[in-house]
Amino acid sequence: MHFFAACPKGLEELLATELATLGGGEVKQTVAGVHFEGELDTAYRVCLWSRLASRVLMPLLKIEEISADRLYESVHAMAWETHIAANGTIAVDAHGVNDSLRNTQFTQQRVKDAIVDRLREVSGERPNIDTYTPDLRVHVLVRGSMAQIALDLSGGPLHQRGYRRNTGIAPLKENLAAAMLLRAGWPEIAANGGALVDPMCGSGTLLVEAALIAADVAPGLLRTHFGFLRWRGHQPQIWQSLLDEAEQRAANGRKSDSARYFGSDRDGGVLAAAKQNAQQAGISGFLTLHHHEVDKAHRPEGYTTGLVITNPPYGERLEDNRAAAPAYIAFGELLKREFGGWRAALITSDESLAHAVGLRADKRYALFNGALACTLYRFDVFASRPEPKPQAPLS
Ligand SMILES: C[S@@+](CC[C@H](N)C(=O)[O-])C[C@H]1O[C@@H](n2cnc3c(N)ncnc32)[C@H](O)[C@@H]1O
């Protein structure tokens with residue numbers, strides 16, 4: 001079977017590697033997504049375990065030379081009764097336009113009409129629309145003269161893991177946070193016993209994602225909704241055995257992880273959110289939070305190595321970026337003062353802010369934070385910490 005995992009731009013290469021690890025075959029990158037092949041259990045495993053994908057689609061039909069009428073007829077000819085009960089609920093998401101389908105709402109409506117008409121003709125009943133948690137979410141992509149109809153197996157964005165109840169002003173999407181951690185080398189650092197520090201942690205997304213990675217917790221384990229759960233082709237035994245395995249791995253991982261996640265922020269309100277989110281994710285026992293400015297942070301006692309990673313303020317407005325500069329300068333000074341020999345990483349959209357850190361990045365990765373083109377800067381903080389200044393002799 002052929003599947004497509006969608007992701008934010010910039011994550012394709014990491015996602016391709018992840019999909020191959022999860023058992024995907026014929027893995028092929030494209031812009032903002034990766035094609036892969038496998039049995040249904042591979043797609044389920046990706047829905048449960050992918051830290052990077054936004055959605056997992058199962059293409060059902062490709063329509064060439066698309067027009068509004070051809071779209072309706074082709075979708076109407078599909079055996080929707082094999083996918084959904086006639087009195088079930090559906091949602092249709094449409095993306096892309098061309099000369100004959102210029103409006104995604106129109107495309108959505110035509111596809112919805114075709115499915116509803118088909119089911120009513122076959123069974124005498126009509127499905128209802130539920131845009132939040134439908135029994136079946138249908139994904140339509142119009143590109144050039146072609147349209148593709150797919151089932152959305154994820155049923156909603158996979159970055160919504162289910163642990164984040166509250167956030168600050170500019171939270172990272174969970175899959176972008178996971179990508180930052182993977183690019184920064186967190187799995188290897190974690191395996192070597194390193195700690196993780198985020199001195200501008202906001203609602204704690206990097207801390208929670210880091211703990212989920214290190215403790216081998218499947219990112220989808222807390223989700224209650226997936227697009228395949230009420231699909232007629234669903235194979236509950238396969239899904240249940242994947243869930244059982246993931247529960248077991250999470251239990252083992254949580255037993256072996258330790259209190260090595262340290263976050264701080266100048267805003268006490270977001271720290272309360274970080275605490276709640278960590279509780280929801282089941283990792284609050286590993287987390288230490290402090291309320292202070294970035295320059296008051298310290299290397300955590302008992303740890304000689306680890307990763308300092310952060311998502312400082314930045315934005316589209318120049319004046320906001322100017323105002324953020326002191327936080328970057330303070331971050332650089334903190335690294336030099338406390339974290340010699342550690343790895344560090346930060347994401348920003350503004351190169352001059354990255355320069356304000358005052359350390360040379362050894363690696364740079366292009367990423368998108370929403371629509372904003374960003375770079376992840378990775379630093380190996382020089383190994384030798386400056387000697388403490390000699391004390392002035394007492395006179
Ligand atoms: C973009 S947000 C981080 C969002 C976080 N990654 C999340 O997912 O929720 C930036 C954070 O930096 C904090 N911050 C800004 N300047 C700071 C400073 N000088 N010291 C400490 N925290 C600071 C803000 O309070 C804010 O929570």
# chains A, B, ... in the order shown; residues from 1 in each chain; ligands from 1
call {"tool": "select_by_dssp", "arguments": {"residues": "region 129-260 of chain A", "states": "strand (DSSP E or B)", "output": "list in words"}}
result
Ile129, Leu136, Arg137, Val138, His139, Val140, Leu141, Val142, Arg143, Met146, Ala147, Gln148, Ile149, Ala150, Leu151, Asp152, Ala195, Leu196, Val197 and Asp198 of chain A
call {"tool": "residues_near_ligand", "arguments": {"ligand": "ligand 1", "cutoff": "7 Å", "atoms": "only C-alpha atoms and all ligand atoms", "output": "ChimeraX atom specification"}}
result
/A:167-173,199-206,264-267,270,292-295,310-314,324,326-327
call {"tool": "write_last_selection", "arguments": {"atoms": "N, CA and C atoms", "output": "short mmCIF file (atom, residue, chain, number, x, y, z; two decimals), in the first residue's frame"}}
result
data_model
loop_
_atom_site.label_atom_id
_atom_site.label_comp_id
_atom_site.auth_asym_id
_atom_site.auth_seq_id
_atom_site.Cartn_x
_atom_site.Cartn_y
_atom_site.Cartn_z
N THR A 167 -0.32 27.19 26.64
CA THR A 167 0.94 27.61 26.04
C THR A 167 1.18 29.08 26.35
N GLY A 168 2.37 29.56 26.02
CA GLY A 168 2.66 31.00 26.09
C GLY A 168 2.27 31.63 24.76
N ILE A 169 2.98 32.72 24.42
CA ILE A 169 2.58 33.50 23.25
C ILE A 169 2.98 32.82 21.94
N ALA A 170 4.19 32.28 21.85
CA ALA A 170 4.65 31.74 20.56
C ALA A 170 5.18 30.32 20.76
N PRO A 171 4.27 29.38 21.04
CA PRO A 171 4.75 28.01 21.30
C PRO A 171 5.25 27.36 20.02
N LEU A 172 6.21 26.47 20.17
CA LEU A 172 6.68 25.69 19.04
C LEU A 172 5.70 24.57 18.78
N LYS A 173 5.50 24.22 17.52
CA LYS A 173 4.75 22.99 17.25
C LYS A 173 5.60 21.84 17.75
N PRO A 199 16.77 27.59 28.81
CA PRO A 199 16.66 28.76 29.70
C PRO A 199 15.61 29.78 29.26
N MET A 200 14.88 29.52 28.17
CA MET A 200 13.73 30.37 27.77
C MET A 200 12.63 29.40 27.34
N CYS A 201 12.20 28.57 28.29
CA CYS A 201 11.46 27.34 27.95
C CYS A 201 9.99 27.57 27.64
N GLY A 202 9.43 28.77 27.93
CA GLY A 202 8.01 28.98 27.66
C GLY A 202 7.19 27.84 28.25
N SER A 203 6.26 27.30 27.47
CA SER A 203 5.37 26.26 28.00
C SER A 203 6.02 24.87 27.96
N GLY A 204 7.32 24.81 27.70
CA GLY A 204 8.08 23.58 27.94
C GLY A 204 8.07 22.55 26.83
N THR A 205 7.75 22.97 25.60
CA THR A 205 7.63 21.99 24.51
C THR A 205 8.93 21.22 24.28
N LEU A 206 10.07 21.94 24.26
CA LEU A 206 11.35 21.26 24.01
C LEU A 206 11.67 20.28 25.15
N SER A 264 13.82 27.15 32.46
CA SER A 264 13.58 28.39 33.19
C SER A 264 13.03 29.43 32.20
N ASP A 265 12.39 30.45 32.76
CA ASP A 265 11.80 31.50 31.93
C ASP A 265 11.57 32.70 32.84
N ARG A 266 11.54 33.88 32.23
CA ARG A 266 11.28 35.10 33.01
C ARG A 266 9.79 35.26 33.33
N ASP A 267 8.96 34.47 32.66
CA ASP A 267 7.51 34.61 32.79
C ASP A 267 6.95 33.44 33.63
N VAL A 270 3.94 31.21 32.09
CA VAL A 270 4.20 30.11 31.15
C VAL A 270 4.83 28.92 31.86
N HIS A 292 13.34 32.73 36.34
CA HIS A 292 14.34 33.81 36.34
C HIS A 292 14.76 34.16 34.92
N GLU A 293 15.56 35.22 34.82
CA GLU A 293 16.11 35.68 33.54
C GLU A 293 17.14 34.69 33.04
N VAL A 294 17.39 34.73 31.74
CA VAL A 294 18.34 33.79 31.14
C VAL A 294 19.73 33.91 31.78
N ASP A 295 20.13 35.12 32.15
CA ASP A 295 21.50 35.27 32.68
C ASP A 295 21.64 34.73 34.10
N THR A 310 17.14 26.09 22.89
CA THR A 310 16.10 27.07 23.18
C THR A 310 15.48 27.68 21.94
N ASN A 311 14.32 28.25 22.15
CA ASN A 311 13.53 28.92 21.11
C ASN A 311 13.26 30.34 21.65
N PRO A 312 14.26 31.24 21.48
CA PRO A 312 14.10 32.58 22.05
C PRO A 312 13.05 33.37 21.27
N PRO A 313 12.72 34.56 21.75
CA PRO A 313 11.76 35.37 20.99
C PRO A 313 12.35 35.85 19.67
N TYR A 314 11.56 35.91 18.62
CA TYR A 314 11.89 36.52 17.34
C TYR A 314 10.57 36.65 16.61
N ALA A 324 14.64 41.80 21.17
CA ALA A 324 15.01 40.45 21.65
C ALA A 324 16.53 40.28 21.78
N PRO A 326 19.02 41.47 23.57
CA PRO A 326 19.68 41.22 24.86
C PRO A 326 19.54 39.76 25.33
N ALA A 327 18.44 39.11 25.00
CA ALA A 327 18.26 37.71 25.42
C ALA A 327 19.29 36.81 24.72
#
call {"tool": "residues_around", "arguments": {"residues": "Leu60 (chain A)", "least_positions_apart": "5", "cutoff": "8 Å", "atoms": "only C-alpha atoms", "output": "list in words"}}
result
Gln148, Ile149, Ala150 and Leu151 of chain A
call {"tool": "write_last_selection", "arguments": {"atoms": "N, CA and C atoms", "output": "mmCIF file, in the first residue's frame"}}
result
data_model
loop_
_atom_site.group_PDB
_atom_site.id
_atom_site.type_symbol
_atom_site.label_atom_id
_atom_site.label_comp_id
_atom_site.auth_asym_id
_atom_site.auth_seq_id
_atom_site.Cartn_x
_atom_site.Cartn_y
_atom_site.Cartn_z
ATOM 1 N N GLN A 148 -6.056 14.274 -6.310
ATOM 2 C CA GLN A 148 -5.872 13.021 -5.570
ATOM 3 C C GLN A 148 -6.849 12.996 -4.391
ATOM 4 N N ILE A 149 -7.506 11.846 -4.228
ATOM 5 C CA ILE A 149 -8.435 11.655 -3.114
ATOM 6 C C ILE A 149 -7.765 10.680 -2.153
ATOM 7 N N ALA A 150 -7.684 11.067 -0.883
ATOM 8 C CA ALA A 150 -7.007 10.201 0.089
ATOM 9 C C ALA A 150 -7.797 10.159 1.391
ATOM 10 N N LEU A 151 -7.585 9.094 2.170
ATOM 11 C CA LEU A 151 -8.121 9.072 3.533
ATOM 12 C C LEU A 151 -7.051 9.643 4.446
#
call {"tool": "residues_around", "arguments": {"residues": "region 91-103 of chain A", "least_positions_apart": "4", "cutoff": "7 Å", "atoms": "only C-alpha atoms", "output": "mmCIF file with N, CA and C atoms, in the first residue's frame"}}
result
data_model
loop_
_atom_site.group_PDB
_atom_site.id
_atom_site.type_symbol
_atom_site.label_atom_id
_atom_site.label_comp_id
_atom_site.auth_asym_id
_atom_site.auth_seq_id
_atom_site.Cartn_x
_atom_site.Cartn_y
_atom_site.Cartn_z
ATOM 1 N N SER A 67 -11.765 18.199 -13.798
ATOM 2 C CA SER A 67 -12.708 19.325 -13.946
ATOM 3 C C SER A 67 -13.727 19.121 -12.832
ATOM 4 N N ALA A 68 -14.574 20.094 -12.599
ATOM 5 C CA ALA A 68 -15.540 19.986 -11.502
ATOM 6 C C ALA A 68 -16.451 18.770 -11.714
ATOM 7 N N THR A 107 -14.289 22.861 -4.165
ATOM 8 C CA THR A 107 -13.795 21.488 -4.331
ATOM 9 C C THR A 107 -14.299 20.614 -3.183
ATOM 10 N N GLN A 108 -14.174 21.154 -1.988
ATOM 11 C CA GLN A 108 -14.627 20.459 -0.782
ATOM 12 C C GLN A 108 -16.111 20.090 -0.896
ATOM 13 N N LYS A 112 -17.772 16.406 -1.099
ATOM 14 C CA LYS A 112 -18.730 16.052 -0.037
ATOM 15 C C LYS A 112 -20.072 15.620 -0.667
ATOM 16 N N ILE A 129 -22.086 15.773 8.533
ATOM 17 C CA ILE A 129 -20.774 16.434 8.486
ATOM 18 C C ILE A 129 -20.322 16.699 9.927
ATOM 19 N N ASP A 130 -19.082 16.360 10.213
ATOM 20 C CA ASP A 130 -18.483 16.692 11.509
ATOM 21 C C ASP A 130 -17.055 17.120 11.212
ATOM 22 N N THR A 131 -16.787 18.411 11.326
ATOM 23 C CA THR A 131 -15.459 18.875 10.898
ATOM 24 C C THR A 131 -14.384 18.611 11.957
ATOM 25 N N PRO A 134 -14.628 13.501 12.698
ATOM 26 C CA PRO A 134 -15.522 12.680 11.864
ATOM 27 C C PRO A 134 -15.091 11.213 11.875
ATOM 28 N N LEU A 136 -14.753 9.635 9.175
ATOM 29 C CA LEU A 136 -13.869 9.544 8.012
ATOM 30 C C LEU A 136 -13.470 10.947 7.576
ATOM 31 N N ARG A 137 -12.171 11.195 7.531
ATOM 32 C CA ARG A 137 -11.699 12.496 7.032
ATOM 33 C C ARG A 137 -11.077 12.261 5.659
ATOM 34 N N VAL A 138 -11.633 12.954 4.677
ATOM 35 C CA VAL A 138 -11.190 12.764 3.291
ATOM 36 C C VAL A 138 -10.335 13.967 2.894
ATOM 37 N N HIS A 139 -9.215 13.682 2.258
ATOM 38 C CA HIS A 139 -8.257 14.727 1.898
ATOM 39 C C HIS A 139 -8.197 14.823 0.378
ATOM 40 N N VAL A 140 -8.396 16.019 -0.153
ATOM 41 C CA VAL A 140 -8.361 16.210 -1.605
ATOM 42 C C VAL A 140 -7.218 17.153 -1.930
ATOM 43 N N LEU A 141 -6.380 16.741 -2.871
ATOM 44 C CA LEU A 141 -5.281 17.602 -3.306
ATOM 45 C C LEU A 141 -5.419 17.850 -4.797
ATOM 46 N N VAL A 142 -5.500 19.124 -5.169
ATOM 47 C CA VAL A 142 -5.539 19.477 -6.597
ATOM 48 C C VAL A 142 -4.166 20.026 -6.952
ATOM 49 N N ARG A 143 -3.543 19.411 -7.943
ATOM 50 C CA ARG A 143 -2.218 19.908 -8.366
ATOM 51 C C ARG A 143 -2.125 19.793 -9.882
ATOM 52 N N GLY A 144 -1.908 20.907 -10.543
ATOM 53 C CA GLY A 144 -1.864 20.911 -12.006
ATOM 54 C C GLY A 144 -3.198 20.377 -12.531
#
call {"tool": "atom_distance", "arguments": {"atom1": "CA of Leu19 (chain A)", "atom2": "CA of Asn175 (chain A)"}}
result
14.1 Å
call {"tool": "residues_around", "arguments": {"residues": "region 113-125 of chain A", "least_positions_apart": "6", "cutoff": "6 Å", "atoms": "only C-alpha atoms", "output": "MDAnalysis selection string"}}
result
chainID A and resid 72 75:76 86:87
call {"tool": "closest_residue", "arguments": {"among": "A:His298, A:Arg260, A:Arg322, A:Lys28", "to": "Leu207 (chain A)", "atoms": "only C-alpha atoms"}}
result
A:Arg260
call {"tool": "select_by_dssp", "arguments": {"residues": "region 89-323 of chain A", "states": "helix (DSSP H, G or I)", "output": "PyMOL selection string"}}
result
chain A and resi 104-123+174-183+186-191+205-214+236-256+268-281+284-286+294-296+318-323
call {"tool": "residues_around", "arguments": {"residues": "Leu353 (chain A)", "least_positions_apart": "2", "cutoff": "7 Å", "atoms": "only C-alpha atoms", "output": "NGL selection string"}}
result
:A and (325 or 328 or 350-351 or 355-356)
call {"tool": "write_last_selection", "arguments": {"atoms": "C-alpha atoms", "output": "PDB file, in the first residue's frame"}}
result
ATOM      1  CA  ALA A 325      18.770  41.005  21.140  1.00  0.00           C
ATOM      2  CA  TYR A 328      20.608  36.326  22.715  1.00  0.00           C
ATOM      3  CA  ASP A 350      16.934  36.544  12.240  1.00  0.00           C
ATOM      4  CA  GLU A 351      20.589  35.991  11.403  1.00  0.00           C
ATOM      5  CA  HIS A 355      25.280  36.521  15.630  1.00  0.00           C
ATOM      6  CA  ALA A 356      24.503  38.271  18.907  1.00  0.00           C
TER       7      ALA A 356
END
call {"tool": "closest_residue", "arguments": {"among": "A:Gly185, A:Gly315, A:Pro236, A:Gly227", "to": "Ile213 (chain A)", "atoms": "only C-alpha atoms"}}
result
A:Gly185
call {"tool": "closest_atom_pairs", "arguments": {"of": "region 224-243 of chain A", "to": "region 38-55 of chain A", "cutoff": "7 Å", "atoms": "only C-alpha atoms", "output": "CSV"}}
result
residue,atom,partner,partner_atom,distance
A:Ile238,CA,A:Asp41,CA,6.4
A:Trp239,CA,A:Tyr44,CA,6.7
A:Leu242,CA,A:Arg45,CA,6.9
call {"tool": "write_last_selection", "arguments": {"atoms": "C-alpha atoms", "output": "compact mmCIF listing (two decimals), in the first residue's frame"}}
result
# COMPACT_ATOMS: atom_id res chain seq x y z
CA ILE A 238 -3.18 -4.67 14.85
CA TRP A 239 -3.74 -1.27 16.43
CA LEU A 242 0.92 -1.57 18.62
call {"tool": "closest_atom_pairs", "arguments": {"of": "region 264-337 of chain A", "to": "region 247-256 of chain A", "cutoff": "12 Å", "atoms": "only C-alpha atoms", "output": "tab-separated table"}}
result
residue	atom	partner	partner_atom	distance
A:Ala281	CA	A:Ala250	CA	11.1
A:Gly282	CA	A:Arg254	CA	8.7
A:Ile283	CA	A:Arg254	CA	7.8
A:Ser284	CA	A:Arg254	CA	10.9
A:Gly285	CA	A:Arg254	CA	9.7
A:Phe286	CA	A:Arg254	CA	9.2
call {"tool": "atom_distance", "arguments": {"atom1": "CA of Met58 (chain A)", "atom2": "CA of His234 (chain A)"}}
result
12.5 Å
call {"tool": "decode", "arguments": {"residues": "region 301-344 of chain A", "atoms": "N, CA and C atoms", "output": "CSV table (one decimal), in the first residue's frame"}}
result
chain,number,residue,atom,x,y,z
A,301,GLU,N,23.6,21.0,38.7
A,301,GLU,CA,24.5,20.3,39.5
A,301,GLU,C,24.6,18.8,39.2
A,302,GLY,N,25.8,18.3,39.1
A,302,GLY,CA,25.9,16.8,38.9
A,302,GLY,C,26.0,16.4,37.4
A,303,TYR,N,25.8,17.4,36.5
A,303,TYR,CA,25.9,17.1,35.1
A,303,TYR,C,27.1,17.8,34.4
A,304,THR,N,27.9,17.0,33.8
A,304,THR,CA,29.1,17.6,33.1
A,304,THR,C,28.9,17.7,31.6
A,305,THR,N,27.8,17.1,31.1
A,305,THR,CA,27.6,17.2,29.7
A,305,THR,C,26.1,17.2,29.4
A,306,GLY,N,25.8,17.7,28.2
A,306,GLY,CA,24.3,17.8,27.9
A,306,GLY,C,24.1,18.7,26.7
A,307,LEU,N,22.8,19.1,26.6
A,307,LEU,CA,22.4,20.0,25.5
A,307,LEU,C,21.6,21.2,26.1
A,308,VAL,N,22.1,22.4,25.7
A,308,VAL,CA,21.3,23.6,26.0
A,308,VAL,C,20.6,24.0,24.7
A,309,ILE,N,19.3,24.0,24.8
A,309,ILE,CA,18.5,24.2,23.5
A,309,ILE,C,17.4,25.2,23.8
A,310,THR,N,17.1,26.1,22.9
A,310,THR,CA,16.1,27.1,23.2
A,310,THR,C,15.5,27.7,21.9
A,311,ASN,N,14.3,28.2,22.1
A,311,ASN,CA,13.5,28.9,21.1
A,311,ASN,C,13.3,30.3,21.7
A,312,PRO,N,14.3,31.2,21.5
A,312,PRO,CA,14.1,32.6,22.0
A,312,PRO,C,13.1,33.4,21.3
A,313,PRO,N,12.7,34.6,21.7
A,313,PRO,CA,11.8,35.4,21.0
A,313,PRO,C,12.4,35.8,19.7
A,314,TYR,N,11.6,35.9,18.6
A,314,TYR,CA,11.9,36.5,17.3
A,314,TYR,C,10.6,36.6,16.6
A,315,GLY,N,10.6,37.3,15.5
A,315,GLY,CA,9.3,37.5,14.8
A,315,GLY,C,9.5,38.1,13.4
A,316,GLU,N,8.4,38.6,12.9
A,316,GLU,CA,8.5,39.2,11.6
A,316,GLU,C,8.8,40.7,11.6
A,317,ARG,N,8.6,41.2,12.8
A,317,ARG,CA,8.8,42.7,12.9
A,317,ARG,C,10.2,43.0,13.5
A,318,LEU,N,10.9,43.9,12.7
A,318,LEU,CA,12.3,44.2,13.0
A,318,LEU,C,12.4,44.8,14.5
A,319,GLU,N,11.4,45.6,14.9
A,319,GLU,CA,11.5,46.2,16.2
A,319,GLU,C,11.4,45.1,17.3
A,320,ASP,N,10.6,44.1,17.1
A,320,ASP,CA,10.6,43.0,18.0
A,320,ASP,C,11.9,42.3,18.1
A,321,ASN,N,12.5,42.1,17.0
A,321,ASN,CA,13.8,41.4,16.9
A,321,ASN,C,14.9,42.2,17.6
A,322,ARG,N,14.8,43.6,17.4
A,322,ARG,CA,15.8,44.4,18.1
A,322,ARG,C,15.6,44.3,19.6
A,323,ALA,N,14.4,44.3,20.0
A,323,ALA,CA,14.1,44.2,21.5
A,323,ALA,C,14.6,42.8,22.0
A,324,ALA,N,14.6,41.8,21.2
A,324,ALA,CA,15.0,40.5,21.7
A,324,ALA,C,16.5,40.3,21.8
A,325,ALA,N,17.3,41.2,21.2
A,325,ALA,CA,18.8,41.0,21.1
A,325,ALA,C,19.4,40.7,22.5
A,326,PRO,N,19.0,41.5,23.6
A,326,PRO,CA,19.7,41.2,24.9
A,326,PRO,C,19.5,39.8,25.3
A,327,ALA,N,18.4,39.1,25.0
A,327,ALA,CA,18.3,37.7,25.4
A,327,ALA,C,19.3,36.8,24.7
A,328,TYR,N,19.6,37.1,23.5
A,328,TYR,CA,20.6,36.3,22.7
A,328,TYR,C,22.0,36.6,23.3
A,329,ILE,N,22.3,37.8,23.6
A,329,ILE,CA,23.6,38.2,24.1
A,329,ILE,C,23.8,37.4,25.5
A,330,ALA,N,22.7,37.5,26.3
A,330,ALA,CA,22.8,36.8,27.6
A,330,ALA,C,22.9,35.3,27.4
A,331,PHE,N,22.2,34.8,26.4
A,331,PHE,CA,22.3,33.3,26.2
A,331,PHE,C,23.8,32.9,25.8
A,332,GLY,N,24.4,33.7,25.0
A,332,GLY,CA,25.8,33.4,24.6
A,332,GLY,C,26.7,33.5,25.8
A,333,GLU,N,26.5,34.5,26.6
A,333,GLU,CA,27.3,34.7,27.8
A,333,GLU,C,27.1,33.5,28.8
A,334,LEU,N,25.9,33.1,28.9
A,334,LEU,CA,25.6,31.9,29.8
A,334,LEU,C,26.3,30.7,29.3
A,335,LEU,N,26.3,30.5,27.9
A,335,LEU,CA,27.0,29.3,27.4
A,335,LEU,C,28.5,29.3,27.7
A,336,LYS,N,29.1,30.5,27.5
A,336,LYS,CA,30.5,30.6,27.7
A,336,LYS,C,30.9,30.5,29.2
A,337,ARG,N,30.0,31.0,30.0
A,337,ARG,CA,30.3,31.0,31.5
A,337,ARG,C,30.1,29.6,32.1
A,338,GLU,N,29.0,28.9,31.7
A,338,GLU,CA,28.6,27.7,32.4
A,338,GLU,C,28.7,26.4,31.7
A,339,PHE,N,28.7,26.5,30.4
A,339,PHE,CA,28.4,25.2,29.6
A,339,PHE,C,29.6,24.8,28.7
A,340,GLY,N,30.8,25.1,29.1
A,340,GLY,CA,32.0,24.6,28.3
A,340,GLY,C,31.9,23.1,28.1
A,341,GLY,N,32.0,22.6,26.8
A,341,GLY,CA,32.0,21.2,26.5
A,341,GLY,C,30.6,20.7,26.2
A,342,TRP,N,29.6,21.5,26.4
A,342,TRP,CA,28.2,21.1,26.1
A,342,TRP,C,27.9,21.4,24.6
A,343,ARG,N,26.9,20.8,24.1
A,343,ARG,CA,26.3,21.1,22.8
A,343,ARG,C,25.2,22.2,23.1
A,344,ALA,N,25.0,23.1,22.2
A,344,ALA,CA,23.9,24.1,22.3
A,344,ALA,C,23.2,24.3,21.0
